[in-house]
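Peer 1: So here's model-v3.pdb, just PDB, C-alpha atoms and all ligand atoms:
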ATOM      1  CA  MET A   8      42.489 122.101  38.213  1.00  0.00           C
ATOM      2  CA  ASN A   9      39.382 121.408  36.129  1.00  0.00           C
ATOM      3  CA  PRO A  10      39.570 121.789  32.320  1.00  0.00           C
ATOM      4  CA  TRP A  11      37.020 124.678  32.326  1.00  0.00           C
ATOM      5  CA  GLU A  12      39.280 126.674  34.677  1.00  0.00           C
ATOM      6  CA  ILE A  13      41.883 127.282  31.933  1.00  0.00           C
ATOM      7  CA  HIS A  14      39.576 129.657  30.005  1.00  0.00           C
ATOM      8  CA  PRO A  15      39.261 132.253  32.840  1.00  0.00           C
ATOM      9  CA  LEU A  16      43.062 132.166  33.112  1.00  0.00           C
ATOM     10  CA  LEU A  17      43.426 133.375  29.512  1.00  0.00           C
ATOM     11  CA  VAL A  18      40.456 135.725  28.939  1.00  0.00           C
ATOM     12  CA  HIS A  19      42.265 138.829  30.244  1.00  0.00           C
ATOM     13  CA  PHE A  20      44.919 138.698  27.533  1.00  0.00           C
ATOM     14  CA  PRO A  21      42.751 139.298  24.428  1.00  0.00           C
ATOM     15  CA  ILE A  22      40.558 141.748  26.367  1.00  0.00           C
ATOM     16  CA  ALA A  23      43.493 143.850  27.605  1.00  0.00           C
ATOM     17  CA  LEU A  24      45.653 143.643  24.466  1.00  0.00           C
ATOM     18  CA  LEU A  25      42.883 144.266  21.928  1.00  0.00           C
ATOM     19  CA  LEU A  26      41.142 147.063  23.856  1.00  0.00           C
ATOM     20  CA  ALA A  27      44.525 148.731  24.435  1.00  0.00           C
ATOM     21  CA  ALA A  28      45.163 148.457  20.672  1.00  0.00           C
ATOM     22  CA  THR A  29      41.848 150.195  19.897  1.00  0.00           C
ATOM     23  CA  ALA A  30      42.551 152.972  22.427  1.00  0.00           C
ATOM     24  CA  LEU A  31      46.068 153.498  21.048  1.00  0.00           C
ATOM     25  CA  ASP A  32      44.785 153.573  17.446  1.00  0.00           C
ATOM     26  CA  VAL A  33      42.233 156.247  18.361  1.00  0.00           C
ATOM     27  CA  LEU A  34      45.074 158.265  19.960  1.00  0.00           C
ATOM     28  CA  ALA A  35      47.276 157.635  16.902  1.00  0.00           C
ATOM     29  CA  ILE A  36      44.707 159.071  14.489  1.00  0.00           C
ATOM     30  CA  GLY A  37      43.740 161.915  16.846  1.00  0.00           C
ATOM     31  CA  GLN A  38      47.307 163.055  17.486  1.00  0.00           C
ATOM     32  CA  ARG A  39      48.853 161.931  14.161  1.00  0.00           C
ATOM     33  CA  ARG A  40      51.327 159.741  16.093  1.00  0.00           C
ATOM     34  CA  SER A  41      52.759 156.944  13.918  1.00  0.00           C
ATOM     35  CA  ASP A  42      54.705 155.542  16.907  1.00  0.00           C
ATOM     36  CA  PHE A  43      51.354 154.887  18.665  1.00  0.00           C
ATOM     37  CA  ALA A  44      50.060 153.238  15.481  1.00  0.00           C
ATOM     38  CA  TRP A  45      53.094 150.948  15.367  1.00  0.00           C
ATOM     39  CA  ALA A  46      52.616 149.889  18.989  1.00  0.00           C
ATOM     40  CA  ALA A  47      48.878 149.348  18.352  1.00  0.00           C
ATOM     41  CA  ALA A  48      49.628 147.096  15.348  1.00  0.00           C
ATOM     42  CA  GLY A  49      51.812 144.904  17.598  1.00  0.00           C
ATOM     43  CA  LEU A  50      49.086 144.803  20.259  1.00  0.00           C
ATOM     44  CA  LEU A  51      46.547 143.741  17.607  1.00  0.00           C
ATOM     45  CA  ILE A  52      48.704 140.775  16.564  1.00  0.00           C
ATOM     46  CA  ALA A  53      49.472 139.744  20.166  1.00  0.00           C
ATOM     47  CA  GLY A  54      45.772 140.158  21.027  1.00  0.00           C
ATOM     48  CA  GLU A  55      44.651 138.009  18.095  1.00  0.00           C
ATOM     49  CA  VAL A  56      47.138 135.244  18.959  1.00  0.00           C
ATOM     50  CA  SER A  57      45.947 135.252  22.587  1.00  0.00           C
ATOM     51  CA  ALA A  58      42.307 135.285  21.379  1.00  0.00           C
ATOM     52  CA  LEU A  59      42.898 132.035  19.454  1.00  0.00           C
ATOM     53  CA  GLY A  60      44.218 130.343  22.612  1.00  0.00           C
ATOM     54  CA  THR A  61      41.311 131.759  24.625  1.00  0.00           C
ATOM     55  CA  ILE A  62      38.783 130.465  22.069  1.00  0.00           C
ATOM     56  CA  ALA A  63      40.361 126.984  22.204  1.00  0.00           C
ATOM     57  CA  ALA A  64      40.128 127.036  26.023  1.00  0.00           C
ATOM     58  CA  GLY A  65      36.525 128.331  25.683  1.00  0.00           C
ATOM     59  CA  PHE A  66      35.571 125.299  23.605  1.00  0.00           C
ATOM     60  CA  LEU A  67      37.241 123.053  26.186  1.00  0.00           C
ATOM     61  CA  ALA A  68      35.186 124.780  28.938  1.00  0.00           C
ATOM     62  CA  TYR A  69      32.002 124.542  26.865  1.00  0.00           C
ATOM     63  CA  PHE A  70      32.278 120.782  26.469  1.00  0.00           C
ATOM     64  CA  THR A  71      33.472 119.944  29.981  1.00  0.00           C
ATOM     65  CA  VAL A  72      31.728 122.340  32.391  1.00  0.00           C
ATOM     66  CA  PRO A  73      28.965 120.645  34.482  1.00  0.00           C
ATOM     67  CA  THR A  74      25.223 121.090  33.826  1.00  0.00           C
ATOM     68  CA  HIS A  75      23.582 124.487  34.138  1.00  0.00           C
ATOM     69  CA  SER A  76      20.197 126.200  33.757  1.00  0.00           C
ATOM     70  CA  GLU A  77      18.335 126.659  30.419  1.00  0.00           C
ATOM     71  CA  GLU A  78      18.912 130.463  30.536  1.00  0.00           C
ATOM     72  CA  ALA A  79      22.613 129.870  31.019  1.00  0.00           C
ATOM     73  CA  HIS A  80      22.542 127.545  28.039  1.00  0.00           C
ATOM     74  CA  VAL A  81      21.318 130.354  25.734  1.00  0.00           C
ATOM     75  CA  ARG A  82      23.995 132.686  27.107  1.00  0.00           C
ATOM     76  CA  MET A  83      26.580 129.935  26.648  1.00  0.00           C
ATOM     77  CA  LEU A  84      25.762 130.049  22.938  1.00  0.00           C
ATOM     78  CA  ILE A  85      25.601 133.852  22.535  1.00  0.00           C
ATOM     79  CA  HIS A  86      28.901 134.383  24.416  1.00  0.00           C
ATOM     80  CA  PRO A  87      31.080 132.359  21.973  1.00  0.00           C
ATOM     81  CA  VAL A  88      29.290 133.845  18.925  1.00  0.00           C
ATOM     82  CA  LEU A  89      30.076 137.389  20.142  1.00  0.00           C
ATOM     83  CA  ALA A  90      33.649 136.366  21.031  1.00  0.00           C
ATOM     84  CA  GLY A  91      34.145 134.790  17.593  1.00  0.00           C
ATOM     85  CA  ALA A  92      32.677 137.858  15.846  1.00  0.00           C
ATOM     86  CA  ALA A  93      34.959 140.181  17.855  1.00  0.00           C
ATOM     87  CA  THR A  94      38.030 138.080  16.987  1.00  0.00           C
ATOM     88  CA  LEU A  95      37.047 138.032  13.299  1.00  0.00           C
ATOM     89  CA  VAL A  96      36.429 141.786  13.037  1.00  0.00           C
ATOM     90  CA  TYR A  97      39.707 142.448  14.923  1.00  0.00           C
ATOM     91  CA  ALA A  98      41.461 140.176  12.369  1.00  0.00           C
ATOM     92  CA  LEU A  99      40.062 142.375   9.567  1.00  0.00           C
ATOM     93  CA  VAL A 100      41.823 145.304  11.266  1.00  0.00           C
ATOM     94  CA  ALA A 101      44.981 143.482  12.430  1.00  0.00           C
ATOM     95  CA  VAL A 102      46.060 142.155   9.018  1.00  0.00           C
ATOM     96  CA  PRO A 103      46.036 145.473   7.068  1.00  0.00           C
ATOM     97  CA  ARG A 104      47.286 147.360  10.133  1.00  0.00           C
ATOM     98  CA  TRP A 105      50.294 145.036  10.502  1.00  0.00           C
ATOM     99  CA  ARG A 106      51.098 145.348   6.773  1.00  0.00           C
ATOM    100  CA  ARG A 107      51.183 149.157   7.095  1.00  0.00           C
ATOM    101  CA  ARG A 108      52.179 149.251  10.756  1.00  0.00           C
ATOM    102  CA  LYS A 109      54.141 152.514  10.553  1.00  0.00           C
ATOM    103  CA  ALA A 110      51.248 154.389   8.932  1.00  0.00           C
ATOM    104  CA  ILE A 111      48.505 156.281  10.754  1.00  0.00           C
ATOM    105  CA  PRO A 112      45.365 154.050  10.776  1.00  0.00           C
ATOM    106  CA  SER A 113      42.554 154.887   8.355  1.00  0.00           C
ATOM    107  CA  ARG A 114      39.070 155.924   9.504  1.00  0.00           C
ATOM    108  CA  THR A 115      37.813 152.528   8.284  1.00  0.00           C
ATOM    109  CA  ASN A 116      40.421 150.777  10.477  1.00  0.00           C
ATOM    110  CA  ILE A 117      39.211 152.770  13.479  1.00  0.00           C
ATOM    111  CA  MET A 118      35.539 152.057  12.702  1.00  0.00           C
ATOM    112  CA  PHE A 119      36.175 148.302  12.508  1.00  0.00           C
ATOM    113  CA  SER A 120      38.336 148.440  15.639  1.00  0.00           C
ATOM    114  CA  LEU A 121      35.565 150.192  17.606  1.00  0.00           C
ATOM    115  CA  VAL A 122      32.927 147.699  16.410  1.00  0.00           C
ATOM    116  CA  ALA A 123      35.224 144.801  17.374  1.00  0.00           C
ATOM    117  CA  ALA A 124      35.865 146.402  20.795  1.00  0.00           C
ATOM    118  CA  GLY A 125      32.104 146.654  21.387  1.00  0.00           C
ATOM    119  CA  LEU A 126      31.616 142.980  20.500  1.00  0.00           C
ATOM    120  CA  LEU A 127      34.519 141.972  22.762  1.00  0.00           C
ATOM    121  CA  ILE A 128      33.170 143.970  25.714  1.00  0.00           C
ATOM    122  CA  ALA A 129      29.688 142.473  25.231  1.00  0.00           C
ATOM    123  CA  SER A 130      31.154 138.962  25.035  1.00  0.00           C
ATOM    124  CA  GLY A 131      33.331 139.490  28.132  1.00  0.00           C
ATOM    125  CA  ALA A 132      30.385 140.910  30.101  1.00  0.00           C
ATOM    126  CA  LEU A 133      28.272 137.900  29.126  1.00  0.00           C
ATOM    127  CA  GLY A 134      31.124 135.552  30.099  1.00  0.00           C
ATOM    128  CA  GLY A 135      31.272 137.197  33.520  1.00  0.00           C
ATOM    129  CA  TYR A 136      27.469 136.888  33.834  1.00  0.00           C
ATOM    130  CA  LEU A 137      27.750 133.165  33.054  1.00  0.00           C
ATOM    131  CA  VAL A 138      30.090 132.662  36.000  1.00  0.00           C
ATOM    132  CA  PHE A 139      28.903 135.222  38.563  1.00  0.00           C
ATOM    133  CA  HIS A 140      25.120 135.002  37.989  1.00  0.00           C
ATOM    134  CA  ASP A 141      24.542 131.599  36.407  1.00  0.00           C
ATOM    135  CA  GLY A 142      27.253 129.917  38.467  1.00  0.00           C
ATOM    136  CA  VAL A 143      28.668 128.099  35.425  1.00  0.00           C
ATOM    137  CA  GLY A 144      31.868 126.380  36.521  1.00  0.00           C
ATOM    138  CA  VAL A 145      31.338 127.198  40.212  1.00  0.00           C
ATOM    139  CA  GLU A 146      31.506 124.228  42.592  1.00  0.00           C
ATOM    140  CA  PRO A 147      27.866 123.432  43.580  1.00  0.00           C
ATOM    141  CA  GLU A 148      28.726 123.196  47.298  1.00  0.00           C
ATOM    142  CA  SER A 149      30.207 126.708  47.291  1.00  0.00           C
ATOM    143  CA  ARG A 150      27.037 128.317  45.825  1.00  0.00           C
ATOM    144  CA  ALA A 151      24.725 130.177  48.225  1.00  0.00           C
ATOM    145  CA  ILE A 152      21.762 129.345  45.942  1.00  0.00           C
ATOM    146  CA  ASP A 153      21.858 126.365  43.652  1.00  0.00           C
ATOM    147  CA  HIS A 154      20.747 127.696  40.239  1.00  0.00           C
ATOM    148  CA  THR A 155      21.141 124.318  38.585  1.00  0.00           C
ATOM    149  CA  HIS A 156      17.629 122.994  39.228  1.00  0.00           C
ATOM    150  CA  THR A 157      15.570 126.172  39.632  1.00  0.00           C
ATOM    151  CA  HIS A 158      14.530 126.526  35.954  1.00  0.00           C
TER
HETATM  152  C1  LIG B   1      38.169 136.019  22.625  1.00  0.00           C
HETATM  153  C2  LIG B   1      37.420 135.050  23.077  1.00  0.00           C
HETATM  154  C3  LIG B   1      36.757 134.970  24.433  1.00  0.00           C
HETATM  155  C4  LIG B   1      36.804 135.840  25.513  1.00  0.00           C
HETATM  156  C5  LIG B   1      37.555 137.160  25.628  1.00  0.00           C
HETATM  157  C6  LIG B   1      35.989 135.244  26.561  1.00  0.00           C
HETATM  158  C7  LIG B   1      35.768 135.836  27.812  1.00  0.00           C
HETATM  159  C8  LIG B   1      35.158 135.191  28.877  1.00  0.00           C
HETATM  160  C9  LIG B   1      35.052 135.748  30.227  1.00  0.00           C
HETATM  161  C10 LIG B   1      35.558 137.117  30.666  1.00  0.00           C
HETATM  162  C11 LIG B   1      34.455 134.808  30.995  1.00  0.00           C
HETATM  163  C12 LIG B   1      34.176 134.911  32.499  1.00  0.00           C
HETATM  164  C13 LIG B   1      35.307 134.248  33.227  1.00  0.00           C
HETATM  165  C14 LIG B   1      35.289 134.495  34.711  1.00  0.00           C
HETATM  166  O1  LIG B   1      34.971 135.609  35.121  1.00  0.00           O
HETATM  167  O2  LIG B   1      35.612 133.567  35.470  1.00  0.00           O
HETATM  168  C15 LIG B   1      34.143 133.654  30.158  1.00  0.00           C
HETATM  169  C16 LIG B   1      33.523 132.498  30.575  1.00  0.00           C
HETATM  170  C17 LIG B   1      33.177 131.439  29.754  1.00  0.00           C
HETATM  171  N1  LIG B   1      33.420 131.339  28.387  1.00  0.00           N
HETATM  172 FE1  LIG B   1      34.440 132.687  27.247  1.00  0.00          FE
HETATM  173  N2  LIG B   1      35.496 134.040  26.113  1.00  0.00           N
HETATM  174  C18 LIG B   1      35.917 133.844  24.818  1.00  0.00           C
HETATM  175  C19 LIG B   1      35.596 132.771  23.988  1.00  0.00           C
HETATM  176  C20 LIG B   1      34.805 131.698  24.359  1.00  0.00           C
HETATM  177  C21 LIG B   1      34.403 130.619  23.475  1.00  0.00           C
HETATM  178  C22 LIG B   1      34.765 130.520  21.982  1.00  0.00           C
HETATM  179  C23 LIG B   1      33.645 129.745  24.233  1.00  0.00           C
HETATM  180  C24 LIG B   1      32.950 128.445  23.859  1.00  0.00           C
HETATM  181  C25 LIG B   1      32.996 127.845  22.720  1.00  0.00           C
HETATM  182  C26 LIG B   1      33.586 130.271  25.581  1.00  0.00           C
HETATM  183  C27 LIG B   1      32.942 129.660  26.646  1.00  0.00           C
HETATM  184  C28 LIG B   1      32.921 130.123  27.945  1.00  0.00           C
HETATM  185  C29 LIG B   1      32.348 129.395  29.078  1.00  0.00           C
HETATM  186  C30 LIG B   1      31.721 127.997  29.015  1.00  0.00           C
HETATM  187  C31 LIG B   1      32.494 130.222  30.206  1.00  0.00           C
HETATM  188  C32 LIG B   1      32.047 129.939  31.652  1.00  0.00           C
HETATM  189  C33 LIG B   1      32.832 128.830  32.301  1.00  0.00           C
HETATM  190  C34 LIG B   1      34.318 129.012  32.307  1.00  0.00           C
HETATM  191  O3  LIG B   1      34.816 130.141  32.400  1.00  0.00           O
HETATM  192  O4  LIG B   1      34.988 127.994  32.198  1.00  0.00           O
HETATM  193  N3  LIG B   1      34.295 131.457  25.613  1.00  0.00           N
HETATM  194  N4  LIG B   1      34.595 133.924  28.870  1.00  0.00           N
END
Show this structure as structure tokens.

Peer 2:
Amino acid sequence: MNPWEIHPLLVHFPIALLLAATALDVLAIGQRRSDFAWAAAGLLIAGEVSALGTIAAGFLAYFTVPTHSEEAHVRMLIHPVLAGAATLVYALVAVPRWRRRKAIPSRTNIMFSLVAAGLLIASGALGGYLVFHDGVGVEPESRAIDHTHTH
């Protein structure tokens, strides 16, 4: 296994846990369900912990993955910035939500959670683009078209 293959192994955890937390928080406020809010607070913490591991593996991938095109290089910078921003905004929700985990989330909590979800989706989509369109991390001999030297 190559070092840049650890990141794709972990990416699903923050995406699934944090997006599920946002969805559950929206349900919690809509249906006044404090049990949903409690579960969402736990998902936020688990999601943030997994995001830290994913970010560490992302840095490892960034510094070890073989050469790529110039366009991919720009995306390889935007992707981590969006991922970092999503993790930071989720942290701004996770900390107060965990402190008052049995309470229904505030409208501000929900607003931050939705913004963070948008950033996370954009970052994940860009990460997928890096692999499936730019071929970052894909073995050169298994590529139909070699993007490495076309730009
Ligand atoms: C919460 C944080 C992050 C999430 C959810 C995330 C998500 C993703 C996803 C979904 C992919 C596509 C994987 C695939 O389909 O095989 C990807 C690829 C990639 N990401 Fe991230 N990422 C995060 C943070 C970072 C950071 C901080 C960096 C760099 C400093 C980074 C660098 C990369 C690189 C280089 C690739 C392409 C090569 C590879 O997967 O090894 N990521 N990311």

Peer 1: Using the chain letters and numbers from this file, what does the PyMOL selection byres (((not hetatm)) within 9 of (chain B and resi 1)) select? Give the answer as a ChimeraX atom specification.

Peer 2: /A:9-22,54-55,57-72,83-84,86-94,127-128,130-139,142-145

Peer 1: Return as a PDB file with C-alpha atoms, keeping the file's coordinate frame the set of residues that the PyMOL selection byres (((chain A and resi 102) around 12) and not hetatm) yields on the displayed structure.

Peer 2:
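Output saved as selection.pdb:
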ATOM      1  CA  ALA A  48      49.628 147.096  15.348  1.00  0.00           C
ATOM      2  CA  GLY A  49      51.812 144.904  17.598  1.00  0.00           C
ATOM      3  CA  LEU A  50      49.086 144.803  20.259  1.00  0.00           C
ATOM      4  CA  LEU A  51      46.547 143.741  17.607  1.00  0.00           C
ATOM      5  CA  ILE A  52      48.704 140.775  16.564  1.00  0.00           C
ATOM      6  CA  ALA A  53      49.472 139.744  20.166  1.00  0.00           C
ATOM      7  CA  GLU A  55      44.651 138.009  18.095  1.00  0.00           C
ATOM      8  CA  LEU A  95      37.047 138.032  13.299  1.00  0.00           C
ATOM      9  CA  VAL A  96      36.429 141.786  13.037  1.00  0.00           C
ATOM     10  CA  TYR A  97      39.707 142.448  14.923  1.00  0.00           C
ATOM     11  CA  ALA A  98      41.461 140.176  12.369  1.00  0.00           C
ATOM     12  CA  LEU A  99      40.062 142.375   9.567  1.00  0.00           C
ATOM     13  CA  VAL A 100      41.823 145.304  11.266  1.00  0.00           C
ATOM     14  CA  ALA A 101      44.981 143.482  12.430  1.00  0.00           C
ATOM     15  CA  PRO A 103      46.036 145.473   7.068  1.00  0.00           C
ATOM     16  CA  ARG A 104      47.286 147.360  10.133  1.00  0.00           C
ATOM     17  CA  TRP A 105      50.294 145.036  10.502  1.00  0.00           C
ATOM     18  CA  ARG A 106      51.098 145.348   6.773  1.00  0.00           C
ATOM     19  CA  ARG A 107      51.183 149.157   7.095  1.00  0.00           C
ATOM     20  CA  ARG A 108      52.179 149.251  10.756  1.00  0.00           C
ATOM     21  CA  ASN A 116      40.421 150.777  10.477  1.00  0.00           C
ATOM     22  CA  SER A 120      38.336 148.440  15.639  1.00  0.00           C
TER      23      SER A 120
END

Peer 1: Stretch 41-151 of chain A near stretch 28-36 of chain A within 7 Å: what's each residue's closest atom pair and its distance in Å to one decimal, counting only C-alpha atoms, ordered by chain then ascending residue number, as a Markdown table?

Peer 2:
| residue | atom | partner | partner_atom | distance |
| --- | --- | --- | --- | --- |
| A:Ser41 | CA | A:Ala35 | CA | 6.3 |
| A:Phe43 | CA | A:Ala35 | CA | 5.2 |
| A:Ala44 | CA | A:Ala35 | CA | 5.4 |
| A:Ala47 | CA | A:Ala28 | CA | 4.5 |
| A:Leu50 | CA | A:Ala28 | CA | 5.4 |
| A:Leu51 | CA | A:Ala28 | CA | 5.8 |
| A:Ile111 | CA | A:Ile36 | CA | 6.0 |
| A:Pro112 | CA | A:Ile36 | CA | 6.3 |
| A:Ile117 | CA | A:Val33 | CA | 6.7 |
| A:Ser120 | CA | A:Thr29 | CA | 5.8 |
| A:Leu121 | CA | A:Thr29 | CA | 6.7 |

Peer 1: Given 8 Å on each side, where is the centre and what are the edge lengths in Å to one decimal of the axis-aligned box enclosing the listed atoms of stretch 14-31 of chain A, as JSON?

Peer 2:
{"center_x": 42.7, "center_y": 141.6, "center_z": 26.5, "size_x": 22.8, "size_y": 39.8, "size_z": 29.2}

Peer 1: Could you check which of A:Trp45, A:Lys109, A:Ala129, A:Glu146 is closest to A:Ile85, using only C-alpha atoms?

Peer 2: A:Ala129

Peer 1: Any idea what the distance is between atom CA of A:Gln38 and atom CA of A:Leu126?

Peer 2: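 Between atom CA of A:Gln38 and atom CA of A:Leu126 the gap is 25.7 Å.
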
Peer 1: Working from the structure I just supplied, which lacks atoms in stretch 108-121 of chain A, can you model N, CA and C atoms there and output them as a short mmCIF file (atom, residue, chain, number, x, y, z; two decimals), in the frame of the given file?

Peer 2:
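Now in out_16.cif:
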data_model
loop_
_atom_site.label_atom_id
_atom_site.label_comp_id
_atom_site.auth_asym_id
_atom_site.auth_seq_id
_atom_site.Cartn_x
_atom_site.Cartn_y
_atom_site.Cartn_z
N ARG A 108 52.15 148.98 9.31
CA ARG A 108 52.18 149.25 10.76
C ARG A 108 52.80 150.59 11.14
N LYS A 109 53.55 151.22 10.21
CA LYS A 109 54.14 152.51 10.55
C LYS A 109 53.27 153.68 10.10
N ALA A 110 52.14 153.33 9.43
CA ALA A 110 51.25 154.39 8.93
C ALA A 110 50.16 154.69 9.95
N ILE A 111 49.65 155.91 9.92
CA ILE A 111 48.50 156.28 10.75
C ILE A 111 47.30 155.46 10.28
N PRO A 112 46.51 154.85 11.21
CA PRO A 112 45.36 154.05 10.78
C PRO A 112 44.33 154.88 10.02
N SER A 113 43.61 154.19 9.11
CA SER A 113 42.55 154.89 8.36
C SER A 113 41.30 154.99 9.23
N ARG A 114 40.35 155.81 8.78
CA ARG A 114 39.07 155.92 9.50
C ARG A 114 38.33 154.59 9.50
N THR A 115 38.46 153.85 8.38
CA THR A 115 37.81 152.53 8.28
C THR A 115 38.41 151.58 9.32
N ASN A 116 39.76 151.60 9.45
CA ASN A 116 40.42 150.78 10.48
C ASN A 116 39.83 151.08 11.84
N ILE A 117 39.70 152.36 12.16
CA ILE A 117 39.21 152.77 13.48
C ILE A 117 37.77 152.32 13.68
N MET A 118 36.95 152.46 12.61
CA MET A 118 35.54 152.06 12.70
C MET A 118 35.43 150.56 13.01
N PHE A 119 36.19 149.75 12.28
CA PHE A 119 36.17 148.30 12.51
C PHE A 119 36.68 147.98 13.91
N SER A 120 37.74 148.68 14.32
CA SER A 120 38.34 148.44 15.64
C SER A 120 37.33 148.74 16.75
N LEU A 121 36.55 149.82 16.59
CA LEU A 121 35.56 150.19 17.61
C LEU A 121 34.41 149.19 17.65
#
